[in-house]
Amino acid sequence: MIDLRLLREDPDRVRASQRARGEDVALVDSLLSADERRRSSGVRFDELRAEQKALGKLIPKASADEKAELLKKASQLAADVKVADAERDAADTETQELLLQLGNLVHPDVPVGGEEDFVTLETHGDIRDFGAEGFEPKDHLELGQLLGAIDVERGAKVSGSRFYFLTGIGALLELALVNAAIAQATAAGFTPMLTPALVRPQSMAGTGFLGQAAQDVYHLEKDDLYLVGTSEVALAAYHMDEIIDADRLPLRYAGFSPCFRREAGSHGKDTKGIFRVHQFDKVEMFTYVTPEDSQAEHQRLLEWEKQWLTSLELPFRVIDVATGDLGSSAARKFDCEAWIPTQGKYRELTSTSDCTEYQSRRLSIRVREGKQVRPLATLNGTLCAVPRTIVAILENHQQADGSVRVPEVLRPYLGGREVLEPVAK
């Protein structure tokens with residue numbers, strides 16, 4: 001959530017942020033009104049309580065005639081205090097509910113618009129000309145089947161659409177990717193973490209995933225637990241309700257977990273293969289820093305993502321995501337999109353978001369600097385979303401005979417294999 005003091009001092013900035021996101025601007029005025037009622041009812045309650053306490057001291061000293069009148073007044077005051085207390089609680093509840101609906105303040109440099117209004121910041125690597133090489137590229141599913149690596153038919157039989165098996169070399173390729181990604185993250189100073197896949201409502205809400213993204217979340221009603229769509233949720237809630245000493249920052253974690261997404265609203269999109277699925281594994285970077293360092297840390301996370309994709313020898317571009325596609329928690333987000341030959345376009349492989357103080361306020365995570373205690377900043381960045389990375393590797397490194405060249409960074413984790421060969425049928 002944002003700072004209520006900032007809302008009071010500069011409501012136009014918050015309105016502008018809501019407008020840029022394409023979200024309800026009237027929410028700002030509703031929140032200002034609720035906050036004013038909360039504060040005024042709080043003052044009224046304090047005044048009545050003070051009067052009630054003062055009266056309580058007079059009653060024992062009063063004469064018999066005076067005492068009757070004072071007791072009558074005390075009875076009325078008690079009723080007024082009860083009403084004021086209820087009004088204060090109601091206004092406070094309304095304020096908190098409205099505050100939780102408000103998105104993070106958008107960074108002023110973020111391009112304004114929807115999903116297609118991003119700005120390309122840089123491109124890396126060379127796109128192969130398969131025509132010049134004399135063959136038509138196969139898509140990742142055909143390659144995966146040739147290699148004995150992907151089985152979507154049995155995935156659908158067992159679990160339904162958008163589920164899959166990774167088999168044989170496909171399973172080994174996932175393990176190689178995860179181990180290589182964790183190795184890079186560990187070398188960069190991240191603490192490896194294996195995180196829970198089920199979290200409590202306060203963890204999911206605290207990271208902002210029960211707002212805009214609620215339709216994509218799996219909820220186990222009987223247990224009131226949520227399946228995470230990213231280990232960001234568990235890593236953000238890891239320090240919930242804690243105060244962290246400033247000399248411990250930055251804290252950097254690399255979480256590995258299964259991820260679950262309903263993919264609501266994606267009907268008919270990416271239905272073939274394993275690009276858009278309901279369950280996948282991912283290595284996620286998550287960091288805690290001081291608010292002043294969040295923009296610099298955002299650039300560091302982006303550089304680690306670029307290092308990873310470069311090591312996989314993939315052509316990719318970096319985009320500055322537009323305001324309408326940020327998600328409620330992010331003030332700014334950069335995506336790295338890899339070239340997918342058979343689709344003839346770049347597709348998102350990694351994403352990094354600067355969430356400033358938004359999540360830490362919701363989760364009550366603060367930093368202590370001397371005698372000062374205040375919210376800190378949280379950031380996240382995908383290092384390796386496994387299925388999409390497999391898609392990009394298979395399609396970009398395929399050879400005419402259906403084999404796939406293994407990027408050098410993965411070879412030590414695949415027993416030295418340089419090429420993945422088609423299996424005999």
# chains A, B, ... in the order shown; residues from 1 in each chain; ligands from 1
call {"tool": "residues_around", "arguments": {"residues": "region 269-282 of chain A", "least_positions_apart": "3", "cutoff": "7 Å", "atoms": "only C-alpha atoms", "output": "MDAnalysis selection string"}}
result
chainID A and resid 141 152 162:163 256:263 266 384:388 391
call {"tool": "residues_around", "arguments": {"residues": "Arg154 (chain A)", "least_positions_apart": "6", "cutoff": "12 Å", "atoms": "only C-alpha atoms", "output": "number ranges by chain"}}
result
A: 160-167
call {"tool": "atom_distance", "arguments": {"atom1": "CA of Leu27 (chain A)", "atom2": "CA of Pro11 (chain A)"}}
result
10.9 Å
call {"tool": "atom_distance", "arguments": {"atom1": "CA of Val158 (chain A)", "atom2": "CA of Glu221 (chain A)"}}
result
22.9 Å
call {"tool": "select_by_dssp", "arguments": {"residues": "region 289-381 of chain A", "states": "alpha helix (DSSP H)", "output": "number ranges by chain"}}
result
A: 294-311, 358-363
call {"tool": "write_last_selection", "arguments": {"atoms": "N, CA, C and O atoms", "output": "mmCIF file, in the first residue's frame"}}
result
data_model
loop_
_atom_site.group_PDB
_atom_site.id
_atom_site.type_symbol
_atom_site.label_atom_id
_atom_site.label_comp_id
_atom_site.auth_asym_id
_atom_site.auth_seq_id
_atom_site.Cartn_x
_atom_site.Cartn_y
_atom_site.Cartn_z
ATOM 1 N N SER A 294 16.371 1.350 -4.217
ATOM 2 C CA SER A 294 15.529 0.434 -4.998
ATOM 3 C C SER A 294 15.735 0.567 -6.497
ATOM 4 O O SER A 294 15.750 -0.436 -7.216
ATOM 5 N N GLN A 295 15.910 1.786 -7.005
ATOM 6 C CA GLN A 295 16.087 1.947 -8.454
ATOM 7 C C GLN A 295 17.411 1.344 -8.920
ATOM 8 O O GLN A 295 17.470 0.699 -9.984
ATOM 9 N N ALA A 296 18.467 1.519 -8.116
ATOM 10 C CA ALA A 296 19.759 0.924 -8.471
ATOM 11 C C ALA A 296 19.680 -0.600 -8.395
ATOM 12 O O ALA A 296 20.237 -1.314 -9.245
ATOM 13 N N GLU A 297 18.966 -1.108 -7.389
ATOM 14 C CA GLU A 297 18.804 -2.561 -7.265
ATOM 15 C C GLU A 297 17.997 -3.120 -8.425
ATOM 16 O O GLU A 297 18.267 -4.239 -8.907
ATOM 17 N N HIS A 298 17.032 -2.349 -8.899
ATOM 18 C CA HIS A 298 16.241 -2.773 -10.055
ATOM 19 C C HIS A 298 17.135 -2.989 -11.272
ATOM 20 O O HIS A 298 16.991 -3.970 -12.014
ATOM 21 N N GLN A 299 18.074 -2.087 -11.469
ATOM 22 C CA GLN A 299 19.014 -2.225 -12.587
ATOM 23 C C GLN A 299 19.922 -3.436 -12.388
ATOM 24 O O GLN A 299 20.256 -4.148 -13.342
ATOM 25 N N ARG A 300 20.305 -3.706 -11.127
ATOM 26 C CA ARG A 300 21.140 -4.881 -10.860
ATOM 27 C C ARG A 300 20.395 -6.157 -11.205
ATOM 28 O O ARG A 300 20.946 -7.079 -11.826
ATOM 29 N N LEU A 301 19.119 -6.247 -10.800
ATOM 30 C CA LEU A 301 18.326 -7.429 -11.122
ATOM 31 C C LEU A 301 18.205 -7.623 -12.632
ATOM 32 O O LEU A 301 18.302 -8.743 -13.140
ATOM 33 N N LEU A 302 18.001 -6.528 -13.340
ATOM 34 C CA LEU A 302 17.918 -6.607 -14.792
ATOM 35 C C LEU A 302 19.234 -7.123 -15.375
ATOM 36 O O LEU A 302 19.229 -7.956 -16.292
ATOM 37 N N GLU A 303 20.354 -6.648 -14.851
ATOM 38 C CA GLU A 303 21.653 -7.100 -15.361
ATOM 39 C C GLU A 303 21.848 -8.585 -15.116
ATOM 40 O O GLU A 303 22.402 -9.285 -15.966
ATOM 41 N N TRP A 304 21.393 -9.105 -13.964
ATOM 42 C CA TRP A 304 21.511 -10.544 -13.704
ATOM 43 C C TRP A 304 20.635 -11.342 -14.656
ATOM 44 O O TRP A 304 21.021 -12.430 -15.103
ATOM 45 N N GLU A 305 19.458 -10.818 -14.990
ATOM 46 C CA GLU A 305 18.603 -11.497 -15.972
ATOM 47 C C GLU A 305 19.252 -11.501 -17.347
ATOM 48 O O GLU A 305 19.239 -12.522 -18.055
ATOM 49 N N LYS A 306 19.822 -10.368 -17.730
ATOM 50 C CA LYS A 306 20.504 -10.284 -19.030
ATOM 51 C C LYS A 306 21.704 -11.227 -19.075
ATOM 52 O O LYS A 306 21.965 -11.877 -20.105
ATOM 53 N N GLN A 307 22.437 -11.318 -17.977
ATOM 54 C CA GLN A 307 23.574 -12.234 -17.895
ATOM 55 C C GLN A 307 23.115 -13.670 -18.128
ATOM 56 O O GLN A 307 23.755 -14.437 -18.862
ATOM 57 N N TRP A 308 21.982 -14.033 -17.524
ATOM 58 C CA TRP A 308 21.448 -15.385 -17.645
ATOM 59 C C TRP A 308 21.047 -15.695 -19.091
ATOM 60 O O TRP A 308 21.441 -16.725 -19.653
ATOM 61 N N LEU A 309 20.281 -14.809 -19.701
ATOM 62 C CA LEU A 309 19.816 -15.069 -21.066
ATOM 63 C C LEU A 309 20.974 -15.045 -22.056
ATOM 64 O O LEU A 309 20.979 -15.792 -23.046
ATOM 65 N N THR A 310 21.965 -14.209 -21.808
ATOM 66 C CA THR A 310 23.160 -14.183 -22.662
ATOM 67 C C THR A 310 23.927 -15.490 -22.541
ATOM 68 O O THR A 310 24.421 -16.033 -23.542
ATOM 69 N N SER A 311 24.010 -16.030 -21.312
ATOM 70 C CA SER A 311 24.719 -17.298 -21.118
ATOM 71 C C SER A 311 24.010 -18.446 -21.830
ATOM 72 O O SER A 311 24.654 -19.424 -22.222
ATOM 73 N N TYR A 358 5.599 -0.656 -1.332
ATOM 74 C CA TYR A 358 4.211 -1.097 -1.435
ATOM 75 C C TYR A 358 3.956 -2.398 -0.675
ATOM 76 O O TYR A 358 3.009 -2.512 0.107
ATOM 77 N N GLN A 359 4.790 -3.408 -0.912
ATOM 78 C CA GLN A 359 4.585 -4.700 -0.251
ATOM 79 C C GLN A 359 5.000 -4.655 1.213
ATOM 80 O O GLN A 359 4.346 -5.259 2.070
ATOM 81 N N SER A 360 6.072 -3.937 1.514
ATOM 82 C CA SER A 360 6.560 -3.916 2.900
ATOM 83 C C SER A 360 5.558 -3.240 3.838
ATOM 84 O O SER A 360 5.441 -3.627 5.003
ATOM 85 N N ARG A 361 4.829 -2.240 3.339
ATOM 86 C CA ARG A 361 3.792 -1.616 4.171
ATOM 87 C C ARG A 361 2.652 -2.599 4.441
ATOM 88 O O ARG A 361 2.113 -2.662 5.547
ATOM 89 N N ARG A 362 2.273 -3.358 3.437
ATOM 90 C CA ARG A 362 1.170 -4.320 3.596
ATOM 91 C C ARG A 362 1.578 -5.478 4.502
ATOM 92 O O ARG A 362 0.745 -6.038 5.217
ATOM 93 N N LEU A 363 2.856 -5.851 4.454
ATOM 94 C CA LEU A 363 3.343 -6.991 5.218
ATOM 95 C C LEU A 363 4.022 -6.580 6.525
ATOM 96 O O LEU A 363 4.493 -7.440 7.280
#
call {"tool": "atom_distance", "arguments": {"atom1": "CA of Val283 (chain A)", "atom2": "CA of Ser231 (chain A)"}}
result
8.0 Å
call {"tool": "residues_around", "arguments": {"residues": "region 413-417 of chain A", "least_positions_apart": "2", "cutoff": "8 Å", "atoms": "only C-alpha atoms", "output": "ChimeraX atom specification"}}
result
/A:172-173,175-176,179-180,406,410-411,419-420
call {"tool": "write_last_selection", "arguments": {"atoms": "N, CA, C and O atoms", "output": "tab-separated table (two decimals), in the first residue's frame"}}
result
chain	number	residue	atom	x	y	z
A	172	LEU	N	15.82	-33.79	-17.54
A	172	LEU	CA	17.22	-33.45	-17.26
A	172	LEU	C	17.53	-32.00	-17.64
A	172	LEU	O	18.30	-31.33	-16.97
A	173	LEU	N	16.90	-31.53	-18.71
A	173	LEU	CA	17.12	-30.14	-19.13
A	173	LEU	C	16.58	-29.18	-18.09
A	173	LEU	O	17.20	-28.16	-17.78
A	175	LEU	N	16.33	-29.75	-14.85
A	175	LEU	CA	17.24	-29.79	-13.70
A	175	LEU	C	18.54	-29.05	-14.01
A	175	LEU	O	19.11	-28.37	-13.14
A	176	ALA	N	19.00	-29.13	-15.23
A	176	ALA	CA	20.21	-28.40	-15.63
A	176	ALA	C	19.97	-26.90	-15.55
A	176	ALA	O	20.82	-26.14	-15.05
A	179	ASN	N	19.74	-25.80	-11.84
A	179	ASN	CA	21.05	-25.82	-11.18
A	179	ASN	C	21.96	-24.70	-11.70
A	179	ASN	O	22.67	-24.06	-10.91
A	180	ALA	N	21.92	-24.45	-13.00
A	180	ALA	CA	22.75	-23.37	-13.56
A	180	ALA	C	22.27	-22.01	-13.08
A	180	ALA	O	23.09	-21.13	-12.78
A	406	VAL	N	23.32	-27.72	-27.25
A	406	VAL	CA	23.23	-27.33	-25.84
A	406	VAL	C	24.12	-26.13	-25.57
A	406	VAL	O	25.32	-26.17	-25.88
A	410	LEU	N	25.09	-24.89	-19.87
A	410	LEU	CA	24.30	-26.02	-19.36
A	410	LEU	C	25.03	-27.36	-19.47
A	410	LEU	O	24.62	-28.34	-18.84
A	411	ARG	N	26.08	-27.41	-20.24
A	411	ARG	CA	26.74	-28.69	-20.51
A	411	ARG	C	27.25	-29.39	-19.26
A	411	ARG	O	27.10	-30.62	-19.13
A	419	VAL	N	24.97	-31.84	-27.63
A	419	VAL	CA	23.79	-31.88	-28.51
A	419	VAL	C	22.75	-32.81	-27.90
A	419	VAL	O	23.09	-33.87	-27.37
A	420	LEU	N	21.47	-32.38	-27.98
A	420	LEU	CA	20.37	-33.28	-27.63
A	420	LEU	C	19.91	-33.95	-28.91
A	420	LEU	O	19.52	-33.25	-29.88
